[in-house]
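Structure data (mmCIF, C-alpha atoms) from structure_37.cif:
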data_target
loop_
_atom_site.group_PDB
_atom_site.id
_atom_site.type_symbol
_atom_site.label_atom_id
_atom_site.label_comp_id
_atom_site.auth_asym_id
_atom_site.auth_seq_id
_atom_site.Cartn_x
_atom_site.Cartn_y
_atom_site.Cartn_z
ATOM 1 C CA MET V 1035 -26.966 -8.074 -6.069
ATOM 2 C CA SER V 1036 -23.935 -5.879 -6.726
ATOM 3 C CA GLU V 1037 -20.420 -7.100 -5.999
ATOM 4 C CA LYS V 1038 -19.001 -6.432 -2.563
ATOM 5 C CA ILE V 1039 -16.649 -3.482 -2.239
ATOM 6 C CA GLU V 1040 -13.522 -4.639 -0.431
ATOM 7 C CA VAL V 1041 -12.252 -2.093 2.099
ATOM 8 C CA LEU V 1042 -9.302 -2.316 4.466
ATOM 9 C CA LEU V 1043 -9.106 0.186 7.321
ATOM 10 C CA PHE V 1044 -5.720 0.735 8.958
ATOM 11 C CA GLY V 1045 -5.689 2.473 12.334
ATOM 12 C CA LEU V 1046 -8.446 1.498 14.751
ATOM 13 C CA GLY V 1047 -8.236 4.261 17.307
ATOM 14 C CA ALA V 1048 -11.173 6.563 18.033
ATOM 15 C CA ILE V 1049 -11.336 8.143 14.567
ATOM 16 C CA GLY V 1050 -10.717 4.821 12.822
ATOM 17 C CA SER V 1051 -13.446 3.130 14.854
ATOM 18 C CA PHE V 1052 -15.893 5.891 13.945
ATOM 19 C CA TYR V 1053 -15.206 5.507 10.213
ATOM 20 C CA ALA V 1054 -15.244 1.709 10.548
ATOM 21 C CA PHE V 1055 -18.801 2.089 11.848
ATOM 22 C CA ILE V 1056 -19.842 4.268 8.902
ATOM 23 C CA LEU V 1057 -18.209 1.932 6.369
ATOM 24 C CA HIS V 1058 -19.611 -1.224 7.974
ATOM 25 C CA SER V 1059 -23.107 0.310 7.948
ATOM 26 C CA CYS V 1060 -23.127 0.190 4.157
ATOM 27 C CA PRO V 1061 -24.374 -3.237 2.985
ATOM 28 C CA ARG V 1062 -22.157 -3.082 -0.111
ATOM 29 C CA VAL V 1063 -18.942 -3.039 1.943
ATOM 30 C CA ARG V 1064 -16.905 -6.000 3.166
ATOM 31 C CA LEU V 1065 -14.700 -4.455 5.851
ATOM 32 C CA THR V 1066 -11.311 -5.681 7.033
ATOM 33 C CA VAL V 1067 -9.713 -3.786 9.932
ATOM 34 C CA VAL V 1068 -6.157 -3.853 11.199
ATOM 35 C CA ALA V 1069 -6.353 -3.689 14.994
ATOM 36 C CA ARG V 1070 -3.078 -3.506 16.826
ATOM 37 C CA SER V 1071 -3.167 -2.485 20.513
ATOM 38 C CA ASN V 1072 -6.915 -3.243 20.728
ATOM 39 C CA TYR V 1073 -6.826 -6.456 18.678
ATOM 40 C CA SER V 1074 -7.962 -8.859 21.420
ATOM 41 C CA ALA V 1075 -10.915 -6.681 22.442
ATOM 42 C CA VAL V 1076 -12.116 -6.097 18.877
ATOM 43 C CA LYS V 1077 -11.596 -9.708 17.777
ATOM 44 C CA GLU V 1078 -13.597 -11.003 20.723
ATOM 45 C CA ASN V 1079 -16.262 -8.349 21.227
ATOM 46 C CA GLY V 1080 -16.317 -6.199 18.099
ATOM 47 C CA ILE V 1081 -16.410 -2.402 18.310
ATOM 48 C CA LEU V 1082 -18.773 -0.495 20.590
ATOM 49 C CA LEU V 1083 -19.621 3.015 19.382
ATOM 50 C CA LYS V 1084 -21.446 5.374 21.729
ATOM 51 C CA SER V 1085 -22.415 8.292 19.515
ATOM 52 C CA ALA V 1086 -24.378 11.430 20.298
ATOM 53 C CA ASN V 1087 -25.483 11.425 16.640
ATOM 54 C CA HIS V 1088 -25.933 7.741 15.810
ATOM 55 C CA GLY V 1089 -26.791 6.136 19.128
ATOM 56 C CA GLU V 1090 -25.119 3.093 20.655
ATOM 57 C CA HIS V 1091 -24.040 0.256 18.382
ATOM 58 C CA ARG V 1092 -21.859 -2.806 18.729
ATOM 59 C CA PHE V 1093 -20.678 -4.115 15.374
ATOM 60 C CA HIS V 1094 -18.243 -6.725 14.105
ATOM 61 C CA PRO V 1095 -16.077 -5.974 11.050
ATOM 62 C CA ASP V 1096 -16.063 -8.789 8.507
ATOM 63 C CA ARG V 1097 -12.418 -9.543 9.243
ATOM 64 C CA VAL V 1098 -10.122 -8.420 12.062
ATOM 65 C CA ILE V 1099 -6.378 -8.856 11.643
ATOM 66 C CA HIS V 1100 -3.502 -7.973 13.925
ATOM 67 C CA SER V 1101 -0.857 -7.451 11.282
ATOM 68 C CA LEU V 1102 -0.683 -6.728 7.570
ATOM 69 C CA SER V 1103 1.439 -9.861 7.223
ATOM 70 C CA GLU V 1104 -1.766 -11.871 7.670
ATOM 71 C CA LEU V 1105 -2.823 -10.697 4.226
ATOM 72 C CA THR V 1106 0.077 -12.683 2.785
ATOM 73 C CA SER V 1107 -0.439 -15.840 4.839
ATOM 74 C CA SER V 1108 -4.228 -15.788 4.435
ATOM 75 C CA PRO V 1109 -5.035 -13.893 1.229
ATOM 76 C CA SER V 1110 -8.268 -11.994 0.638
ATOM 77 C CA PRO V 1111 -9.713 -10.517 -2.573
ATOM 78 C CA PRO V 1112 -7.876 -7.380 -3.743
ATOM 79 C CA PHE V 1113 -8.938 -4.275 -1.864
ATOM 80 C CA ASP V 1114 -10.812 -1.552 -3.693
ATOM 81 C CA TYR V 1115 -9.968 0.944 -0.944
ATOM 82 C CA VAL V 1116 -7.307 1.141 1.749
ATOM 83 C CA VAL V 1117 -8.389 3.716 4.333
ATOM 84 C CA CYS V 1118 -5.660 5.176 6.558
ATOM 85 C CA THR V 1119 -7.026 6.502 9.842
ATOM 86 C CA ASN V 1120 -3.884 5.855 11.866
ATOM 87 C CA LYS V 1121 -2.047 8.616 13.673
ATOM 88 C CA ALA V 1122 0.209 10.301 11.120
ATOM 89 C CA ILE V 1123 3.481 9.258 12.743
ATOM 90 C CA ASP V 1124 6.260 7.585 10.714
ATOM 91 C CA VAL V 1125 4.199 8.220 7.589
ATOM 92 C CA ASP V 1126 6.817 6.813 5.207
ATOM 93 C CA ASP V 1127 7.165 3.568 7.171
ATOM 94 C CA VAL V 1128 3.398 3.084 7.317
ATOM 95 C CA ALA V 1129 3.063 3.702 3.580
ATOM 96 C CA ARG V 1130 5.663 0.997 2.899
ATOM 97 C CA SER V 1131 4.047 -1.440 5.325
ATOM 98 C CA LEU V 1132 0.716 -1.215 3.493
ATOM 99 C CA ALA V 1133 2.179 -2.774 0.318
ATOM 100 C CA PRO V 1134 0.481 -6.194 0.896
ATOM 101 C CA ALA V 1135 -2.920 -4.452 0.854
ATOM 102 C CA ILE V 1136 -2.398 -2.280 -2.211
ATOM 103 C CA THR V 1137 -2.896 -3.678 -5.700
ATOM 104 C CA ALA V 1138 -1.191 -1.593 -8.371
ATOM 105 C CA GLU V 1139 -3.565 0.604 -10.387
ATOM 106 C CA LYS V 1140 -6.622 -0.882 -8.616
ATOM 107 C CA THR V 1141 -6.634 0.059 -4.933
ATOM 108 C CA THR V 1142 -7.624 3.628 -4.098
ATOM 109 C CA ILE V 1143 -5.740 4.961 -1.092
ATOM 110 C CA VAL V 1144 -7.859 7.059 1.274
ATOM 111 C CA ILE V 1145 -6.093 9.293 3.810
ATOM 112 C CA ILE V 1146 -8.139 10.524 6.782
ATOM 113 C CA GLN V 1147 -5.470 12.142 8.930
ATOM 114 C CA ASN V 1148 -4.215 15.403 10.357
ATOM 115 C CA GLY V 1149 -1.370 17.209 8.666
ATOM 116 C CA VAL V 1150 -0.170 18.466 5.304
ATOM 117 C CA GLY V 1151 1.822 16.386 2.826
ATOM 118 C CA ASN V 1152 0.566 13.000 4.079
ATOM 119 C CA GLU V 1153 -0.209 11.930 0.507
ATOM 120 C CA GLU V 1154 3.342 12.328 -0.816
ATOM 121 C CA PRO V 1155 4.879 9.057 0.483
ATOM 122 C CA PHE V 1156 1.971 7.103 -1.016
ATOM 123 C CA ARG V 1157 2.356 8.806 -4.384
ATOM 124 C CA ARG V 1158 6.088 8.023 -4.439
ATOM 125 C CA LEU V 1159 5.574 4.359 -3.513
ATOM 126 C CA TYR V 1160 2.362 3.686 -5.473
ATOM 127 C CA PRO V 1161 2.549 5.969 -8.520
ATOM 128 C CA GLY V 1162 -0.250 4.163 -10.366
ATOM 129 C CA ASN V 1163 -2.832 4.313 -7.567
ATOM 130 C CA GLU V 1164 -5.376 7.061 -7.072
ATOM 131 C CA ILE V 1165 -5.445 8.907 -3.736
ATOM 132 C CA VAL V 1166 -8.447 10.397 -1.950
ATOM 133 C CA SER V 1167 -7.588 12.891 0.772
ATOM 134 C CA CYS V 1168 -9.916 13.803 3.650
ATOM 135 C CA VAL V 1169 -10.000 16.391 6.403
ATOM 136 C CA THR V 1170 -12.067 15.198 9.344
ATOM 137 C CA TRP V 1171 -13.753 17.192 12.084
ATOM 138 C CA VAL V 1172 -14.972 14.319 14.242
ATOM 139 C CA GLY V 1173 -14.931 14.500 18.025
ATOM 140 C CA ALA V 1174 -14.192 11.035 19.408
ATOM 141 C CA HIS V 1175 -12.066 9.253 21.970
ATOM 142 C CA GLN V 1176 -11.421 5.651 22.949
ATOM 143 C CA PRO V 1177 -11.599 5.289 26.753
ATOM 144 C CA THR V 1178 -10.993 1.526 26.651
ATOM 145 C CA PRO V 1179 -9.882 -0.850 23.864
ATOM 146 C CA GLY V 1180 -12.761 -1.500 21.469
ATOM 147 C CA THR V 1181 -15.017 1.255 22.868
ATOM 148 C CA THR V 1182 -15.319 4.666 21.202
ATOM 149 C CA THR V 1183 -17.309 7.655 22.400
ATOM 150 C CA HIS V 1184 -18.400 10.141 19.734
ATOM 151 C CA THR V 1185 -19.694 13.681 20.307
ATOM 152 C CA THR V 1186 -21.983 15.626 17.957
ATOM 153 C CA SER V 1187 -18.960 16.896 16.000
ATOM 154 C CA GLU V 1188 -19.037 15.139 12.616
ATOM 155 C CA ALA V 1189 -17.937 16.506 9.262
ATOM 156 C CA THR V 1190 -15.624 15.299 6.516
ATOM 157 C CA GLN V 1191 -14.182 17.261 3.606
ATOM 158 C CA ILE V 1192 -13.113 14.971 0.798
ATOM 159 C CA GLY V 1193 -11.355 15.282 -2.553
ATOM 160 C CA LEU V 1194 -8.803 13.814 -4.925
ATOM 161 C CA TYR V 1195 -5.060 14.259 -4.646
ATOM 162 C CA GLN V 1196 -3.382 14.926 -7.992
ATOM 163 C CA PRO V 1197 -5.434 12.401 -10.004
ATOM 164 C CA ILE V 1198 -3.506 10.216 -12.438
ATOM 165 C CA ASN V 1199 -6.402 8.986 -14.544
ATOM 166 C CA PRO V 1200 -9.114 11.615 -13.995
ATOM 167 C CA ALA V 1201 -12.028 9.414 -15.099
ATOM 168 C CA GLN V 1202 -10.925 6.494 -12.921
ATOM 169 C CA ALA V 1203 -10.190 8.788 -9.997
ATOM 170 C CA GLU V 1204 -13.589 10.491 -10.184
ATOM 171 C CA SER V 1205 -15.304 7.105 -10.331
ATOM 172 C CA ALA V 1206 -13.444 5.905 -7.223
ATOM 173 C CA LEU V 1207 -14.273 9.130 -5.383
ATOM 174 C CA SER V 1208 -17.932 8.960 -6.388
ATOM 175 C CA THR V 1209 -18.244 5.362 -5.194
ATOM 176 C CA LEU V 1210 -16.633 6.211 -1.866
ATOM 177 C CA ILE V 1211 -18.964 9.167 -1.345
ATOM 178 C CA THR V 1212 -21.903 6.889 -2.135
ATOM 179 C CA ILE V 1213 -20.692 4.400 0.482
ATOM 180 C CA LEU V 1214 -20.329 7.077 3.129
ATOM 181 C CA ARG V 1215 -23.548 8.998 2.661
ATOM 182 C CA ALA V 1216 -25.979 7.175 0.358
ATOM 183 C CA PRO V 1217 -29.485 6.129 1.487
ATOM 184 C CA ALA V 1218 -28.265 2.508 1.317
ATOM 185 C CA ASN V 1219 -26.198 3.372 4.373
ATOM 186 C CA PRO V 1220 -28.500 3.720 7.425
ATOM 187 C CA HIS V 1221 -25.853 5.835 9.168
ATOM 188 C CA PRO V 1222 -24.553 8.297 6.538
ATOM 189 C CA THR V 1223 -22.059 10.968 7.574
ATOM 190 C CA PRO V 1224 -21.980 14.619 6.413
ATOM 191 C CA LEU V 1225 -19.539 15.098 3.536
ATOM 192 C CA THR V 1226 -18.326 18.089 1.555
ATOM 193 C CA PRO V 1227 -16.687 17.153 -1.775
ATOM 194 C CA LEU V 1228 -13.914 19.576 -2.748
ATOM 195 C CA SER V 1229 -11.628 20.080 -5.721
ATOM 196 C CA PRO V 1230 -8.006 18.928 -5.242
ATOM 197 C CA ALA V 1231 -6.850 22.545 -4.739
ATOM 198 C CA ALA V 1232 -9.654 23.378 -2.306
ATOM 199 C CA LEU V 1233 -8.977 20.196 -0.325
ATOM 200 C CA GLN V 1234 -5.319 21.134 0.144
ATOM 201 C CA LEU V 1235 -6.356 24.615 1.282
ATOM 202 C CA THR V 1236 -8.637 22.944 3.823
ATOM 203 C CA ARG V 1237 -5.716 20.821 5.008
ATOM 204 C CA TRP V 1238 -3.839 24.061 5.770
ATOM 205 C CA GLU V 1239 -6.884 25.426 7.614
ATOM 206 C CA LYS V 1240 -6.952 22.331 9.817
ATOM 207 C CA LEU V 1241 -3.163 22.572 10.192
ATOM 208 C CA MET V 1242 -3.493 26.086 11.629
ATOM 209 C CA TRP V 1243 -6.200 24.881 14.013
ATOM 210 C CA ASN V 1244 -4.023 21.987 15.207
ATOM 211 C CA CYS V 1245 -0.800 24.032 15.387
ATOM 212 C CA ALA V 1246 -2.486 26.358 17.852
ATOM 213 C CA TRP V 1247 -4.863 24.315 19.957
ATOM 214 C CA ASN V 1248 -3.151 20.910 20.003
ATOM 215 C CA THR V 1249 0.291 22.197 20.925
ATOM 216 C CA LEU V 1250 -0.714 24.854 23.457
ATOM 217 C CA THR V 1251 -3.113 22.598 25.348
ATOM 218 C CA THR V 1252 -0.509 19.836 25.409
ATOM 219 C CA LEU V 1253 2.243 22.079 26.736
ATOM 220 C CA THR V 1254 0.035 23.667 29.394
ATOM 221 C CA ALA V 1255 -2.091 20.612 30.336
ATOM 222 C CA GLN V 1256 -5.196 22.791 29.997
ATOM 223 C CA ASP V 1257 -8.280 22.583 27.817
ATOM 224 C CA CYS V 1258 -8.659 25.257 25.147
ATOM 225 C CA GLN V 1259 -10.910 27.540 27.200
ATOM 226 C CA ALA V 1260 -8.722 27.273 30.291
ATOM 227 C CA TRP V 1261 -5.686 28.154 28.155
ATOM 228 C CA LEU V 1262 -7.356 31.220 26.625
ATOM 229 C CA GLN V 1263 -8.461 32.419 30.062
ATOM 230 C CA SER V 1264 -5.176 31.620 31.807
ATOM 231 C CA SER V 1265 -3.693 35.119 31.373
ATOM 232 C CA GLU V 1266 -3.934 38.264 29.293
ATOM 233 C CA ASP V 1267 -1.021 36.932 27.209
ATOM 234 C CA ALA V 1268 -2.663 33.685 26.064
ATOM 235 C CA LEU V 1269 -4.888 35.051 23.308
ATOM 236 C CA PRO V 1270 -2.245 37.365 21.766
ATOM 237 C CA LEU V 1271 0.251 34.476 21.707
ATOM 238 C CA THR V 1272 -2.308 32.247 20.000
ATOM 239 C CA ARG V 1273 -2.905 34.955 17.396
ATOM 240 C CA ARG V 1274 0.816 35.361 16.726
ATOM 241 C CA LEU V 1275 1.200 31.621 16.226
ATOM 242 C CA MET V 1276 -1.716 31.555 13.790
ATOM 243 C CA ARG V 1277 -0.371 34.572 11.868
ATOM 244 C CA GLU V 1278 2.910 32.732 11.414
ATOM 245 C CA VAL V 1279 1.077 29.721 9.910
ATOM 246 C CA VAL V 1280 -0.703 32.084 7.495
ATOM 247 C CA ALA V 1281 2.637 33.639 6.526
ATOM 248 C CA VAL V 1282 4.163 30.221 5.812
ATOM 249 C CA ALA V 1283 1.136 29.204 3.769
ATOM 250 C CA HIS V 1284 1.282 32.396 1.677
ATOM 251 C CA ALA V 1285 5.012 31.996 1.040
ATOM 252 C CA SER V 1286 4.312 28.389 0.001
ATOM 253 C CA GLY V 1287 1.682 29.466 -2.549
ATOM 254 C CA VAL V 1288 -1.358 28.612 -0.408
ATOM 255 C CA GLU V 1289 -3.830 31.479 -0.059
ATOM 256 C CA LEU V 1290 -4.868 30.906 3.530
ATOM 257 C CA PRO V 1291 -7.087 33.891 4.431
ATOM 258 C CA GLU V 1292 -5.989 36.109 7.344
ATOM 259 C CA THR V 1293 -9.648 36.329 8.411
ATOM 260 C CA LEU V 1294 -9.467 32.636 9.320
ATOM 261 C CA ILE V 1295 -7.572 33.557 12.498
ATOM 262 C CA ASP V 1296 -10.518 35.426 14.043
ATOM 263 C CA ALA V 1297 -12.945 32.810 12.713
ATOM 264 C CA GLN V 1298 -11.062 29.904 14.307
ATOM 265 C CA ILE V 1299 -10.623 31.711 17.619
ATOM 266 C CA ALA V 1300 -14.323 32.619 17.713
ATOM 267 C CA LYS V 1301 -15.254 29.027 16.884
ATOM 268 C CA MET V 1302 -13.093 27.670 19.691
ATOM 269 C CA GLN V 1303 -14.452 30.214 22.174
ATOM 270 C CA GLY V 1304 -17.942 28.935 21.386
ATOM 271 C CA LEU V 1305 -17.140 25.255 21.849
ATOM 272 C CA GLY V 1306 -16.610 25.009 25.588
ATOM 273 C CA PRO V 1307 -13.765 23.136 27.371
ATOM 274 C CA VAL V 1308 -12.300 21.286 24.383
ATOM 275 C CA ARG V 1309 -9.496 18.796 24.987
ATOM 276 C CA THR V 1310 -7.292 17.948 22.029
ATOM 277 C CA SER V 1311 -6.068 14.633 20.659
ATOM 278 C CA MET V 1312 -2.413 15.598 21.129
ATOM 279 C CA GLN V 1313 -3.122 16.441 24.763
ATOM 280 C CA THR V 1314 -4.763 13.031 25.240
ATOM 281 C CA ASP V 1315 -1.836 11.276 23.563
ATOM 282 C CA ARG V 1316 0.591 12.958 25.971
ATOM 283 C CA GLU V 1317 -1.493 11.975 28.993
ATOM 284 C CA MET V 1318 -1.704 8.371 27.766
ATOM 285 C CA GLY V 1319 2.038 8.167 27.138
ATOM 286 C CA ARG V 1320 1.639 7.829 23.376
ATOM 287 C CA ARG V 1321 3.690 9.437 20.631
ATOM 288 C CA MET V 1322 2.161 12.603 19.227
ATOM 289 C CA GLU V 1323 1.592 13.875 15.691
ATOM 290 C CA VAL V 1324 4.373 16.438 15.926
ATOM 291 C CA GLU V 1325 5.941 16.422 12.469
ATOM 292 C CA VAL V 1326 2.814 16.399 10.256
ATOM 293 C CA ILE V 1327 1.347 19.282 12.238
ATOM 294 C CA ILE V 1328 3.794 21.839 13.636
ATOM 295 C CA GLY V 1329 6.836 20.241 12.002
ATOM 296 C CA VAL V 1330 5.331 20.869 8.565
ATOM 297 C CA ALA V 1331 4.829 24.555 9.385
ATOM 298 C CA VAL V 1332 8.314 25.087 10.825
ATOM 299 C CA LYS V 1333 10.170 23.185 8.091
ATOM 300 C CA GLY V 1334 8.058 24.942 5.481
ATOM 301 C CA ALA V 1335 9.054 28.299 7.007
ATOM 302 C CA ARG V 1336 12.726 27.403 6.864
ATOM 303 C CA ARG V 1337 12.379 26.323 3.253
ATOM 304 C CA VAL V 1338 10.755 29.590 2.113
ATOM 305 C CA GLY V 1339 12.706 31.899 4.424
ATOM 306 C CA VAL V 1340 9.908 33.062 6.730
ATOM 307 C CA GLU V 1341 10.681 33.973 10.357
ATOM 308 C CA VAL V 1342 8.396 32.074 12.761
ATOM 309 C CA PRO V 1343 9.719 32.587 16.303
ATOM 310 C CA VAL V 1344 6.561 31.405 18.078
ATOM 311 C CA LEU V 1345 6.263 28.254 15.963
ATOM 312 C CA GLU V 1346 9.989 27.536 16.381
ATOM 313 C CA THR V 1347 9.704 27.786 20.159
ATOM 314 C CA VAL V 1348 6.565 25.665 20.407
ATOM 315 C CA TYR V 1349 8.055 23.077 18.019
ATOM 316 C CA ALA V 1350 11.184 22.699 20.164
ATOM 317 C CA LEU V 1351 9.113 22.324 23.337
ATOM 318 C CA ILE V 1352 6.668 19.813 21.828
ATOM 319 C CA ARG V 1353 9.540 17.717 20.466
ATOM 320 C CA ALA V 1354 11.078 17.654 23.937
ATOM 321 C CA VAL V 1355 7.786 16.457 25.440
ATOM 322 C CA ASP V 1356 7.370 13.827 22.707
ATOM 323 C CA SER V 1357 10.898 12.530 23.337
ATOM 324 C CA LEU V 1358 9.843 11.526 26.865
ATOM 325 C CA VAL V 1359 7.396 8.896 25.587
ATOM 326 C CA GLY V 1360 8.411 5.522 26.966
ATOM 327 C CA LYS V 1361 11.009 7.035 29.322
ATOM 328 C CA LEU V 1362 8.819 7.973 32.293
#
How would this structure read if it were set down as structure tokens?
Amino acid sequence: MSEKIEVLLFGLGAIGSFYAFILHSCPRVRLTVVARSNYSAVKENGILLKSANHGEHRFHPDRVIHSLSELTSSPSPPFDYVVCTNKAIDVDDVARSLAPAITAEKTTIVIIQNGVGNEEPFRRLYPGNEIVSCVTWVGAHQPTPGTTTHTTSEATQIGLYQPINPAQAESALSTLITILRAPANPHPTPLTPLSPAALQLTRWEKLMWNCAWNTLTTLTAQDCQAWLQSSEDALPLTRRLMREVVAVAHASGVELPETLIDAQIAKMQGLGPVRTSMQTDREMGRRMEVEVIIGVAVKGARRVGVEVPVLETVYALIRAVDSLVGKL
């Protein structure tokens, strides 16, 4: 019997719970999860996943902890992988807080988050550790602590981030892909391996998607279809916002294709009344992923000297909304 692969998952919201299910399904994995707001529910009852693709499953991670400090007071074997599925807020602080879980030159850091540039704080703090970066297209929400509902939307693009030791990095990536989709896992998930450059391009593609749909639905309290149909000005404004993201990408050396604008709009128009994660966070009174999404685009524009009036306006409005968290 092969040795257990030690995995810690940080961030047990809807997306984290979905990936916890996939990881736990692999018999080779021993899974530790860090559950914060839903700790009591998960510790007592495990995680309930209601999935349109995988069916209904209640499962119990091998270890549930409330804080990373528990790794110091009650040590576990060194982790082979630390998987970050937390909301990408205070990215630098989170990267520092994960130090007890990361063994130098051994632990592979896996980032499954929205945004661009999420890998950089980890590379600065853990220069000897390999990083796997993922773009996820999973539709899920957590209506109550410990319960996650998953739609049919399920795809992950995965690749290395600036590998340090290419052979070691490729081995870590290959093992992770095997965990996530191999026949040994009764619930594999669709994966698309990408080169480091292609993965970063995909991050920009998802950034454009989120810059448009997440912010506009949040500001208007409408689903994507309702927003597009709200007036004759909605679609042209969405296009202008997307064109500005493309312009920033091009000026930053990222060849984001202009044709992606029509493709993403057509895709959204075919999806029905989609509600976004940022919209849900606002409704639940939670902080939103402002900086790693629209903040990246606006600050990038300022850095390269590109005028982005729509993005600037939306960024200011979203920051104002986010500043109300905890005050109402």
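For the pair atom CA of Thr1119 of chain V and atom CA of Leu1043 of chain V, the interatomic distance is 7.1 Å.
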**Shell of 10 Å around Thr1170 of chain V, all atoms listed in the file, local chain residues under 3 positions omitted, as a ChimeraX atom specification** = /V:1049,1146-1148,1167,1173,1187-1192,1225,1237,1240
**Prompt:** Hey, which of V:Cys1168, V:Val1355, V:Ala1174, V:Leu1235 ends up closest to Ser1085 of chain V? Count only C-alpha atoms.
**Reply:**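 That would be V:Ala1174, the residue with the smallest distance to Ser1085 of chain V.
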**Request:** Given the file shown, determine the residues that the PyMOL selection byres ((chain V and resi 1050) around 10) selects; report them as number ranges by chain.
**Result:** V: 1043-1049, 1051-1056, 1067-1069, 1117-1121, 1146-1147, 1174, 1182
**Request:** Please indicate the distance in Å from atom CA of Val1166 of chain V to atom CA of Pro1200 of chain V, rounded to one decimal place.
**Result:** 12.1 Å
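Considering all atoms listed in the file, the residue among V:Gln1263, V:Asn1219, V:Gln1176, V:Thr1142 positioned nearest to Ala1206 of chain V is V:Thr1142.
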**Message:** Under the rule that only C-alpha atoms are counted, which of V:Gly1089, V:Pro1291, V:Pro1270, V:Pro1161 is the nearest residue to Ile1136 of chain V?
**Reply:** V:Pro1161
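Closest approach to Thr1249 of chain V among V:Val1359, V:Val1338, V:Val1324, V:Ala1354: V:Val1324, based on all atoms listed in the file.
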**Request:** Find the residues near segment 1311-1319 of chain V: any atom within 6 Å, counting all atoms listed in the file, skip ones fewer than 3 places away on the same chain, and give them as a ChimeraX atom specification.
**Result:** /V:1248,1252,1322,1359
**Request:** Run the PyMOL selection byres ((chain V and resi 1079) around 10) on the file and write out the hits as a PyMOL selection string.
**Result:** chain V and resi 1073-1078+1080-1082+1092-1094+1180-1181
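Residue nearest Arg1353 of chain V within the list V:Leu1253, V:Met1302, V:Arg1130, V:Ala1135: V:Leu1253 [criterion: smallest interatomic distance, only C-alpha atoms].
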**Request:** Measuring atom to atom with only C-alpha atoms, identify which of V:Arg1274, V:Lys1361, V:Arg1157, V:His1284 is nearest to Trp1238 of chain V.
**Result:** V:His1284
**Request:** Just the residues within 7 Å of Cys1060 of chain V, please, counting all atoms listed in the file, with nothing from its chain fewer than 2 positions along; format it as a list in words.
**Result:**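 These residues fall inside the cut-off: Leu1057, His1058, Arg1062, Val1063, Ile1213, Ala1218 and Asn1219 of chain V.
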**Request:** Compile the contact shell of Val1344 of chain V as an MDAnalysis selection string: residues with an atom at most 9 Å away, counting all atoms listed in the file, same-chain residues fewer than 5 positions apart removed.
**Result:** chainID V and resid 1271 1274:1275 1278 1349
**Message:** List the spatial neighbours of Pro1111 of chain V as a ChimeraX atom specification - criterion: any atom at most 12 Å away, all atoms listed in the file, same-chain residues fewer than 4 positions off excluded.
**Reply:** /V:1037-1042,1064-1066,1105-1106,1115,1134-1137,1140-1141
**Item:** Interatomic distance (Å, one decimal) between atom CA of Val1116 of chain V and atom CA of Ile1143 of chain V
**Value:** 5.0 Å
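Listed by chain and then by number, the residues chosen by the PyMOL selection byres ((chain V and resi 1295) around 10) in this file are V:Glu1239, V:Met1242, V:Trp1243, V:Thr1272, V:Arg1273, V:Arg1274, V:Leu1275, V:Met1276, V:Arg1277, V:Val1279, V:Val1280, V:Leu1290, V:Pro1291, V:Glu1292, V:Thr1293, V:Leu1294, V:Asp1296, V:Ala1297, V:Gln1298, V:Ile1299, V:Ala1300, V:Lys1301.
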Kindly export the residues of the current selection with C-alpha atoms, as a CSV table (one decimal), in the frame of the given file.
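Here's the written file again.csv:
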chain,number,residue,atom,x,y,z
V,1239,GLU,CA,-6.9,25.4,7.6
V,1242,MET,CA,-3.5,26.1,11.6
V,1243,TRP,CA,-6.2,24.9,14.0
V,1272,THR,CA,-2.3,32.2,20.0
V,1273,ARG,CA,-2.9,35.0,17.4
V,1274,ARG,CA,0.8,35.4,16.7
V,1275,LEU,CA,1.2,31.6,16.2
V,1276,MET,CA,-1.7,31.6,13.8
V,1277,ARG,CA,-0.4,34.6,11.9
V,1279,VAL,CA,1.1,29.7,9.9
V,1280,VAL,CA,-0.7,32.1,7.5
V,1290,LEU,CA,-4.9,30.9,3.5
V,1291,PRO,CA,-7.1,33.9,4.4
V,1292,GLU,CA,-6.0,36.1,7.3
V,1293,THR,CA,-9.6,36.3,8.4
V,1294,LEU,CA,-9.5,32.6,9.3
V,1296,ASP,CA,-10.5,35.4,14.0
V,1297,ALA,CA,-12.9,32.8,12.7
V,1298,GLN,CA,-11.1,29.9,14.3
V,1299,ILE,CA,-10.6,31.7,17.6
V,1300,ALA,CA,-14.3,32.6,17.7
V,1301,LYS,CA,-15.3,29.0,16.9
**Asked** Hey, can you pull every residue with an atom no more than 12 Å from (4.4, 32.2, -1.8), using only C-alpha atoms, and send it as a list in words?
**Response**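 Within 12 Å of (4.4, 32.2, -1.8), the protein and nucleic acid residues are Val1280, Ala1281, Val1282, Ala1283, His1284, Ala1285, Ser1286, Gly1287, Val1288, Glu1289, Leu1290, Gly1334, Ala1335, Arg1337, Val1338, Gly1339 and Val1340 of chain V.
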